[in-house]
file data.txt (compact mmCIF, C-alpha atoms)
# COMPACT_ATOMS: atom_id res chain seq x y z
CA MET B 1 94.92 84.62 126.42
CA LEU B 2 95.65 86.19 123.08
CA HIS B 3 94.00 89.52 123.93
CA ASP B 4 96.16 89.83 127.07
CA ASP B 5 99.33 89.07 125.12
CA LEU B 6 98.45 91.67 122.53
CA TRP B 7 97.61 94.33 125.11
CA THR B 8 100.82 93.64 127.04
CA ALA B 9 102.92 93.71 123.86
CA ASN B 10 101.50 97.14 123.06
CA ARG B 11 101.48 98.76 126.48
CA ASP B 12 104.13 101.20 125.28
CA LEU B 13 101.61 102.70 122.87
CA ALA B 14 98.81 102.65 125.47
CA HIS B 15 101.02 104.65 127.82
CA ALA B 16 102.06 106.97 125.01
CA CYS B 17 98.34 107.69 124.52
CA LEU B 18 97.86 108.25 128.26
CA ALA B 19 100.77 110.71 128.29
CA HIS B 20 99.62 112.41 125.08
CA PRO B 21 98.92 116.17 125.45
CA PHE B 22 95.39 115.65 124.13
CA VAL B 23 94.60 113.07 126.82
CA ARG B 24 96.34 115.14 129.51
CA GLY B 25 94.13 118.01 128.42
CA LEU B 26 91.04 115.84 128.89
CA ALA B 27 92.32 114.81 132.32
CA ASP B 28 92.81 118.31 133.71
CA GLY B 29 90.21 120.08 131.60
CA SER B 30 92.76 122.28 129.83
CA LEU B 31 92.15 120.86 126.34
CA PRO B 32 91.05 123.70 124.04
CA ARG B 33 87.37 123.52 123.29
CA ALA B 34 87.96 123.63 119.53
CA ALA B 35 90.33 120.66 119.70
CA PHE B 36 87.69 118.61 121.51
CA ALA B 37 85.01 119.64 119.02
CA CYS B 38 87.31 118.59 116.17
CA TYR B 39 88.02 115.27 117.88
CA VAL B 40 84.32 114.47 118.44
CA ALA B 41 83.53 115.16 114.79
CA GLN B 42 86.44 113.01 113.61
CA ASP B 43 85.47 110.25 116.02
CA ALA B 44 81.92 110.26 114.68
CA PHE B 45 83.32 109.80 111.16
CA PHE B 46 85.58 107.03 112.43
CA LEU B 47 82.70 105.24 114.17
CA GLN B 48 80.79 104.96 110.89
CA ALA B 49 83.70 102.92 109.54
CA PHE B 50 83.91 100.98 112.80
CA PHE B 51 80.25 100.07 112.41
CA ARG B 52 80.80 98.83 108.85
CA ALA B 53 83.87 96.83 109.86
CA TYR B 54 81.82 94.97 112.49
CA ALA B 55 79.18 94.22 109.88
CA LEU B 56 81.80 92.85 107.48
CA ALA B 57 83.37 90.73 110.20
CA ALA B 58 79.93 89.35 111.08
CA ALA B 59 79.41 88.36 107.47
CA LYS B 60 82.66 86.38 107.51
CA CYS B 61 81.90 84.38 110.67
CA LYS B 62 81.21 80.70 110.18
CA ARG B 63 79.41 80.35 113.53
CA ALA B 64 76.14 82.15 114.09
CA GLU B 65 76.98 82.92 117.73
CA GLU B 66 80.14 84.77 116.68
CA ALA B 67 78.23 86.74 114.08
CA GLU B 68 75.71 87.58 116.80
CA CYS B 69 78.50 89.07 118.94
CA PHE B 70 79.60 91.33 116.09
CA HIS B 71 75.97 92.27 115.61
CA ARG B 72 75.68 93.23 119.27
CA PHE B 73 78.86 95.34 119.01
CA MET B 74 77.26 97.21 116.14
CA GLY B 75 74.59 98.21 118.65
CA GLY B 76 77.36 99.44 120.94
CA VAL B 77 78.72 101.67 118.17
CA LEU B 78 75.26 103.10 117.58
CA ASP B 79 75.03 103.92 121.31
CA GLU B 80 78.42 105.64 121.14
CA LEU B 81 77.27 107.65 118.14
CA LYS B 82 74.24 108.77 120.16
CA VAL B 83 76.59 110.05 122.85
CA HIS B 84 78.50 111.95 120.15
CA LYS B 85 75.29 113.48 118.91
CA SER B 86 74.48 114.70 122.41
CA TYR B 87 78.01 116.17 122.74
CA SER B 88 77.77 117.77 119.35
CA ALA B 89 74.57 119.61 120.23
CA GLY B 90 76.19 121.07 123.33
CA TRP B 91 79.52 121.85 121.68
CA GLY B 92 78.20 123.36 118.47
CA ILE B 93 79.50 120.63 116.15
CA ASP B 94 77.84 119.74 112.85
CA LEU B 95 78.28 115.98 112.51
CA SER B 96 76.59 115.87 109.14
CA ARG B 97 79.46 117.57 107.31
CA VAL B 98 82.66 116.05 108.64
CA GLU B 99 85.73 116.07 106.38
CA PRO B 100 88.12 113.39 107.62
CA LEU B 101 91.61 114.51 108.62
CA ALA B 102 94.54 112.48 107.23
CA ALA B 103 94.91 110.53 110.49
CA THR B 104 91.20 109.68 110.52
CA ARG B 105 91.25 108.62 106.89
CA ALA B 106 94.33 106.47 107.51
CA TYR B 107 92.57 104.69 110.37
CA THR B 108 89.27 104.12 108.53
CA ASP B 109 91.04 102.98 105.36
CA PHE B 110 93.06 100.52 107.44
CA LEU B 111 89.95 99.20 109.22
CA LEU B 112 87.93 98.82 106.06
CA ARG B 113 90.80 97.31 104.11
CA THR B 114 91.23 94.73 106.89
CA ALA B 115 87.52 94.07 107.23
CA TRP B 116 86.99 93.57 103.50
CA HIS B 117 90.23 91.87 102.62
CA ALA B 118 91.24 89.85 105.70
CA ASP B 119 89.41 87.36 107.93
CA ALA B 120 87.25 88.05 110.99
CA GLY B 121 90.21 87.30 113.30
CA GLN B 122 92.41 90.05 111.88
CA THR B 123 89.44 92.38 111.82
CA ALA B 124 88.79 91.72 115.52
CA ALA B 125 92.49 92.38 116.17
CA ALA B 126 92.21 95.70 114.33
CA MET B 127 89.14 96.68 116.36
CA ALA B 128 89.91 95.51 119.89
CA PRO B 129 92.59 98.16 120.65
CA CYS B 130 90.13 101.02 120.28
CA MET B 131 87.82 99.47 122.87
CA ARG B 132 90.43 98.40 125.43
CA LEU B 133 92.46 101.58 125.04
CA TYR B 134 89.44 103.80 125.72
CA ALA B 135 88.43 101.73 128.75
CA PHE B 136 92.03 102.02 130.00
CA LEU B 137 92.20 105.78 129.42
CA GLY B 138 88.78 106.34 131.01
CA CYS B 139 89.73 104.39 134.15
CA GLU B 140 93.14 106.06 134.45
CA LEU B 141 91.65 109.53 134.10
CA ALA B 142 88.87 108.74 136.58
CA LYS B 143 91.50 108.04 139.27
CA THR B 144 92.48 111.70 139.51
CA PRO B 145 89.36 113.80 138.95
CA THR B 146 89.66 117.52 138.32
CA PRO B 147 86.89 119.72 139.80
CA ASP B 148 84.53 121.25 137.22
CA ASN B 149 86.24 119.43 134.38
CA PRO B 150 84.28 120.11 131.16
CA TYR B 151 85.36 116.66 129.95
CA ASP B 152 83.89 114.76 132.91
CA GLU B 153 81.19 113.23 130.75
CA TRP B 154 83.81 111.75 128.40
CA ILE B 155 85.76 110.30 131.33
CA THR B 156 82.63 108.94 133.02
CA ASN B 157 81.48 107.30 129.81
CA TYR B 158 84.73 105.45 129.12
CA SER B 159 85.46 104.57 132.75
CA SER B 160 82.05 102.97 133.21
CA ALA B 161 81.64 99.32 134.07
CA GLU B 162 79.42 98.97 131.00
CA PHE B 163 82.14 100.15 128.62
CA ASP B 164 84.73 97.94 130.31
CA ALA B 165 82.39 94.97 129.92
CA LEU B 166 81.88 95.74 126.25
CA ALA B 167 85.65 95.95 125.69
CA GLY B 168 85.94 92.62 127.49
CA GLU B 169 83.37 91.06 125.19
CA VAL B 170 85.23 92.28 122.11
CA GLU B 171 88.43 90.77 123.53
CA SER B 172 86.71 87.51 124.31
CA LEU B 173 85.50 87.32 120.72
CA LEU B 174 89.00 88.16 119.51
CA ASP B 175 90.29 85.15 121.48
CA ARG B 176 87.75 82.92 119.79
CA VAL B 177 88.02 84.05 116.16
CA ALA B 178 91.70 85.05 115.86
CA THR B 179 94.78 82.88 115.67
CA ASP B 180 98.01 84.37 116.94
CA GLY B 181 100.35 85.22 114.06
CA PRO B 182 102.09 88.10 112.30
CA GLY B 183 98.88 89.36 110.63
CA VAL B 184 96.98 89.58 113.93
CA ARG B 185 99.95 91.12 115.79
CA ASP B 186 100.48 93.66 113.05
CA ALA B 187 96.80 94.64 112.85
CA TYR B 188 96.60 95.17 116.62
CA ARG B 189 99.77 97.26 116.80
CA TYR B 190 98.95 99.35 113.75
CA ALA B 191 95.51 100.12 115.20
CA MET B 192 97.22 101.33 118.40
CA ARG B 193 99.48 103.58 116.32
CA CYS B 194 96.43 104.94 114.52
CA GLU B 195 94.90 105.74 117.93
CA LEU B 196 97.98 107.72 118.92
CA ASP B 197 97.93 109.66 115.64
CA PHE B 198 94.22 110.24 116.11
CA PHE B 199 94.90 112.17 119.34
CA SER B 200 97.61 114.26 117.67
CA ALA B 201 95.53 115.33 114.69
CA PRO B 202 93.08 117.75 116.44
CA LEU B 203 96.01 119.52 118.13
CA GLU B 204 97.82 119.91 114.81
CA VAL B 205 94.72 121.50 113.30
CA GLU B 206 94.72 123.97 116.17
CA THR B 207 98.28 125.20 115.77
CA MET W 208 102.68 114.83 72.65
CA ALA W 209 101.07 111.78 74.25
CA MET W 210 101.96 113.04 77.69
CA ARG W 211 100.47 116.42 76.91
CA THR W 212 97.14 114.82 75.95
CA LEU W 213 97.06 113.08 79.32
CA GLU W 214 98.05 116.22 81.19
CA GLU W 215 95.20 118.06 79.53
CA SER W 216 92.67 115.52 80.78
CA ALA W 217 89.94 117.00 82.97
CA LEU W 218 91.02 115.02 86.03
CA VAL W 219 94.58 116.36 85.82
CA THR W 220 93.58 119.98 85.25
CA GLY W 221 90.87 119.65 87.91
CA ALA W 222 93.47 118.61 90.48
CA GLY W 223 95.15 122.03 90.35
CA GLU W 224 98.31 122.38 92.42
CA LEU W 225 98.01 118.78 93.69
CA TRP W 226 99.09 117.54 90.27
CA ARG W 227 102.47 119.24 90.56
CA GLU W 228 102.85 118.12 94.17
CA GLY W 229 102.13 114.50 93.28
CA THR W 230 104.45 114.33 90.27
CA THR W 231 107.58 116.25 91.27
CA ALA W 232 109.92 115.52 94.15
CA LYS W 233 113.47 115.91 95.38
CA PHE W 234 113.80 112.16 94.99
CA LEU W 235 113.02 112.43 91.28
CA GLU W 236 115.47 115.30 90.83
CA GLY W 237 118.13 113.09 92.38
CA ILE W 238 117.21 110.27 90.00
CA GLY W 239 117.40 112.69 87.05
CA ASP W 240 120.81 114.13 87.80
CA GLY W 241 122.25 110.95 89.31
CA THR W 242 122.92 112.50 92.74
CA LEU W 243 120.39 110.42 94.65
CA PRO W 244 121.86 108.92 97.87
CA PRO W 245 121.97 105.10 97.52
CA GLU W 246 120.00 104.60 100.75
CA ALA W 247 117.13 106.69 99.36
CA PHE W 248 117.13 104.60 96.20
CA GLU W 249 117.07 101.35 98.15
CA ARG W 250 114.29 102.63 100.41
CA TRP W 251 112.25 103.53 97.37
CA LEU W 252 112.94 100.17 95.68
CA ALA W 253 111.72 98.18 98.70
CA GLN W 254 108.65 100.33 99.41
CA ASP W 255 107.69 100.59 95.75
CA TYR W 256 107.87 96.82 95.45
CA LEU W 257 105.51 96.48 98.43
CA PHE W 258 103.30 99.09 96.83
CA ALA W 259 103.22 97.11 93.57
CA ARG W 260 101.93 94.12 95.51
CA GLY W 261 99.19 96.20 97.09
CA LEU W 262 98.30 97.75 93.74
CA THR W 263 97.99 94.27 92.27
CA SER W 264 95.37 93.37 94.90
CA PHE W 265 93.53 96.58 94.09
CA GLN W 266 93.58 95.83 90.37
CA ALA W 267 92.43 92.26 90.88
CA VAL W 268 89.39 93.35 92.89
CA MET W 269 88.70 96.12 90.40
CA ALA W 270 88.94 93.69 87.47
CA ALA W 271 86.43 91.44 89.22
CA LYS W 272 83.94 94.33 89.27
CA ALA W 273 84.64 95.51 85.74
CA PRO W 274 82.20 95.53 82.83
CA ARG W 275 83.28 93.68 79.68
CA ASP W 276 84.65 96.74 77.85
CA ALA W 277 87.18 97.30 80.65
CA HIS W 278 88.61 93.78 80.69
CA GLY W 279 91.32 94.49 78.10
CA PRO W 280 93.27 97.21 79.94
CA LEU W 281 92.59 95.82 83.41
CA ILE W 282 93.54 92.21 82.77
CA GLY W 283 96.49 93.39 80.66
CA GLY W 284 97.45 95.62 83.57
CA LEU W 285 97.35 92.70 85.99
CA ALA W 286 99.65 90.63 83.77
CA ALA W 287 102.00 93.61 83.58
CA MET W 288 102.04 93.83 87.39
CA HIS W 289 103.23 90.24 87.58
CA ALA W 290 106.14 91.09 85.27
CA GLU W 291 106.78 94.27 87.23
CA MET W 292 107.05 92.45 90.54
CA SER W 293 109.47 89.89 89.08
CA TRP W 294 111.55 92.76 87.77
CA PHE W 295 111.57 94.42 91.20
CA GLU W 296 112.49 91.14 92.87
CA SER W 297 115.55 90.72 90.66
CA HIS W 298 116.69 94.28 91.37
CA LEU W 299 116.15 93.82 95.11
CA ALA W 300 118.06 90.54 95.06
CA ASP W 301 120.95 92.14 93.11
CA ARG W 302 121.29 94.74 95.85
CA GLY W 303 120.81 92.28 98.67
CA ILE W 304 117.70 94.07 99.96
CA ASP W 305 115.43 92.05 102.23
CA LEU W 306 112.13 91.34 100.50
CA GLN W 307 110.44 91.23 103.89
CA ALA W 308 111.14 94.95 104.29
CA ASP W 309 109.14 96.72 106.97
CA ALA W 310 106.16 98.52 105.58
CA HIS W 311 106.50 102.28 106.00
CA PRO W 312 103.38 103.99 107.42
CA VAL W 313 103.13 106.15 104.30
CA TYR W 314 103.06 103.05 102.11
CA ARG W 315 100.46 101.48 104.41
CA ARG W 316 98.17 104.48 104.18
CA TYR W 317 98.35 104.46 100.40
CA VAL W 318 97.67 100.73 100.02
CA ASP W 319 94.93 100.72 102.71
CA PHE W 320 93.23 103.49 100.73
CA LEU W 321 93.54 101.51 97.49
CA ILE W 322 92.23 98.21 98.81
CA ALA W 323 89.46 99.68 100.97
CA SER W 324 88.33 101.64 97.89
CA ALA W 325 88.56 98.61 95.60
CA TYR W 326 85.88 96.87 97.63
CA SER W 327 83.73 99.80 98.64
CA ALA W 328 83.85 102.41 95.85
CA PRO W 329 81.89 102.18 92.59
CA PHE W 330 83.75 100.85 89.54
CA GLU W 331 83.70 104.30 87.91
CA VAL W 332 85.57 105.79 90.86
CA LEU W 333 88.12 102.97 90.73
CA CYS W 334 88.82 103.99 87.12
CA ALA W 335 89.89 107.44 88.36
CA ILE W 336 92.03 105.87 91.07
CA VAL W 337 93.98 103.53 88.82
CA TYR W 338 94.33 106.28 86.22
CA GLY W 339 95.63 108.61 88.94
CA VAL W 340 98.19 106.09 90.15
CA GLU W 341 99.53 105.42 86.67
CA VAL W 342 99.33 108.84 85.03
CA SER W 343 101.12 110.49 87.94
CA TYR W 344 103.84 107.86 87.80
CA LEU W 345 104.21 108.27 84.06
CA ALA W 346 104.38 112.06 84.38
CA ALA W 347 106.91 111.89 87.21
CA TRP W 348 109.34 109.71 85.27
CA SER W 349 108.68 111.18 81.82
CA ALA W 350 109.89 114.57 83.03
CA LEU W 351 113.39 113.10 83.41
CA GLU W 352 115.99 112.56 80.71
CA ALA W 353 116.77 108.85 80.32
CA ALA W 354 120.46 109.12 81.15
CA GLY W 355 122.82 108.49 84.06
CA PRO W 356 122.87 105.61 86.53
CA TYR W 357 119.08 105.33 86.69
CA ALA W 358 118.39 105.44 82.93
CA GLU W 359 116.85 101.94 82.98
CA PHE W 360 114.26 103.04 85.52
CA ILE W 361 113.44 106.28 83.71
CA GLU W 362 113.00 104.47 80.41
CA ARG W 363 110.79 101.83 81.96
CA TRP W 364 108.17 104.28 83.20
CA SER W 365 108.27 106.76 80.36
CA SER W 366 108.02 104.13 77.62
CA GLU W 367 105.50 104.13 74.78
CA PRO W 368 103.75 100.88 75.91
CA PHE W 369 103.31 102.33 79.41
CA THR W 370 101.96 105.56 77.92
CA GLU W 371 99.50 103.57 75.81
CA TYR W 372 98.32 101.72 78.88
CA VAL W 373 97.75 104.98 80.75
CA ARG W 374 95.83 106.33 77.77
CA SER W 375 93.57 103.28 77.84
CA LEU W 376 92.86 104.00 81.52
CA LEU W 377 91.91 107.59 80.70
CA GLU W 378 89.49 106.24 78.09
CA LEU W 379 87.95 104.07 80.80
CA CYS W 380 87.43 107.15 82.98
CA ASN W 381 85.81 108.98 80.10
CA ARG W 382 83.53 106.07 79.21
CA HIS W 383 82.52 105.53 82.85
CA PRO W 384 82.13 108.99 84.41
CA HIS W 385 81.17 109.55 88.02
CA ARG W 386 80.84 112.68 90.12
CA ASP W 387 83.28 111.32 92.74
CA GLN W 388 86.12 110.70 90.28
CA GLN W 389 87.89 114.00 90.93
CA ALA W 390 87.91 113.59 94.72
CA ALA W 391 89.37 110.08 94.38
CA PHE W 392 91.95 111.25 91.82
CA ASN W 393 93.00 114.06 94.17
CA GLN W 394 93.34 111.62 97.05
CA VAL W 395 95.69 109.50 94.92
CA LEU W 396 97.85 112.56 94.28
CA ARG W 397 98.07 113.30 98.01
CA HIS W 398 99.31 109.77 98.59
CA GLU W 399 101.77 110.07 95.68
CA ARG W 400 103.11 113.32 97.14
CA ASP W 401 103.57 111.72 100.57
CA PHE W 402 105.15 108.62 99.05
CA TRP W 403 107.81 110.61 97.16
CA ARG W 404 108.55 112.64 100.30
CA MET W 405 108.96 109.44 102.29
CA THR W 406 111.44 108.03 99.76
CA TRP W 407 113.58 111.12 100.23
CA GLU W 408 113.19 111.74 103.94
CA GLY W 409 112.79 108.21 105.26
call {"tool": "encode", "arguments": {"input": "data.txt", "output": "structure tokens"}}
result
Amino acid sequence: MLHDDLWTANRDLAHACLAHPFVRGLADGSLPRAAFACYVAQDAFFLQAFFRAYALAAAKCKRAEEAECFHRFMGGVLDELKVHKSYSAGWGIDLSRVEPLAATRAYTDFLLRTAWHADAGQTAAAMAPCMRLYAFLGCELAKTPTPDNPYDEWITNYSSAEFDALAGEVESLLDRVATDGPGVRDAYRYAMRCELDFFSAPLEVET
Amino acid sequence: MAMRTLEESALVTGAGELWREGTTAKFLEGIGDGTLPPEAFERWLAQDYLFARGLTSFQAVMAAKAPRDAHGPLIGGLAAMHAEMSWFESHLADRGIDLQADAHPVYRRYVDFLIASAYSAPFEVLCAIVYGVEVSYLAAWSALEAAGPYAEFIERWSSEPFTEYVRSLLELCNRHPHRDQQAAFNQVLRHERDFWRMTWEG
């Protein structure tokens, strides 16, 4: 399947994310609180673009059932944003006034450029990595729990069967709407690179 | 004189230090005094060609959204981009540079910003973006004396017709104001700054 090929071809970047100091800090609870707060705010900004990209992809679908899938994923993004709102209350983050960092802006510009300018297949290829990568990171981190980890909720959320199923649905749609080719390969890999940069950015703000 | 009028425009003065950062670079100094390493020149030629292609997409979408009074400069600008790309292609071919050059992440960020904005930002904001792209380029090259091995390039982007075109874009900004113009103009300058750094550092 196309989604498997793409994931396998980009496992190097998935493992680079898993080994990233930000993700290690989530795993053992040592991530500075301010870095996590920064990340949640940036992710909330990112998810607004993610939501719009799904809507644009839905508008480009020729089959109603494919558009319905994108519509359902939009609901998933809204659920994720609710989780962010609950984090933000507890972590003292104001989500209403988020200035995007360069890495966030790069990612949202890429997503929106693809969603507006390319077809639904490339858009799905640009969006699937975020879902599968987070499911992967959540499951990997859940294997070695740290007692009293302040980031347990994050790990539980992304290691859940529900999130894995949602990632699987996005991949299944990708298989249906995308045709393997340089544009799809490039969109998938660039999205993975954006994910890696996204983890670096909050740590760079800190130092 | 013409350049000074442009540099006194509210968008340029409102950008503060970003204006200098987006219009001066080690790369340009090397072009000016002829000491630029050939690999830096070739890197710039390939990435700037890719950028021109992205900018053309931006301008085409912008032209599609434009009111009648903006058709002249925008459609003229699109025709000029076609000539520009042909000119780049001949220079790339002369140097044996692969036209399928890998897109540098800095180039990608700039073009993603342009095309995402073309579709999603109001026309008035697009005026500030295209003005920003062109006025910063004009300023960067106009600061150099048209001499040495790169004289052809310096002359091309400090010429009177190019200056006139940039002036027509400033008039568009003035006729179609918007409160978000300055933020978009500043974002262009950040991308310009990063682009010039990339051409020098790789």
call {"tool": "interface_residues", "arguments": {"input": "data.txt", "of": "chain B", "to": "chain W", "cutoff": "6 Å", "atoms": "all atoms listed in the file", "output": "ChimeraX atom specification"}}
result
/B:106,109-110,112-113
call {"tool": "residues_around", "arguments": {"input": "data.txt", "residues": "Gly183 in chain B", "least_positions_apart": "4", "cutoff": "12 Å", "atoms": "only C-alpha atoms", "output": "VMD selection string"}}
result
chain B and resid 114 118 to 126 178 to 179 187 to 190
call {"tool": "closest_residue", "arguments": {"input": "data.txt", "among": "B:Val184, B:Cys130, B:Leu78, B:Leu2", "to": "Leu196 in chain B", "atoms": "all atoms listed in the file"}}
result
B:Cys130
call {"tool": "residues_near_point", "arguments": {"input": "data.txt", "point": "(95.9, 104.9, 117.7)", "cutoff": "12 Å", "atoms": "only C-alpha atoms", "output": "PyMOL selection string"}}
result
chain B and resi 10+12-18+20+43+46+103-104+106-108+110-111+126-134+187-201
call {"tool": "atom_distance", "arguments": {"input": "data.txt", "atom1": "CA of Ala358 in chain W", "atom2": "CA of Gly241 in chain W"}}
result
9.3 Å
call {"tool": "residues_around", "arguments": {"input": "data.txt", "residues": "Ser297 in chain W", "least_positions_apart": "6", "cutoff": "12 Å", "atoms": "all atoms listed in the file", "output": "list in words"}}
result
Leu252, Ala253, Tyr256, Ala290, Glu291, Gly303, Ile304, Asp305 and Leu306 of chain W
call {"tool": "residues_near_point", "arguments": {"input": "data.txt", "point": "(109.4, 116.7, 95.5)", "cutoff": "10 Å", "atoms": "only C-alpha atoms", "output": "number ranges by chain"}}
result
W: 227-237, 347, 400-407
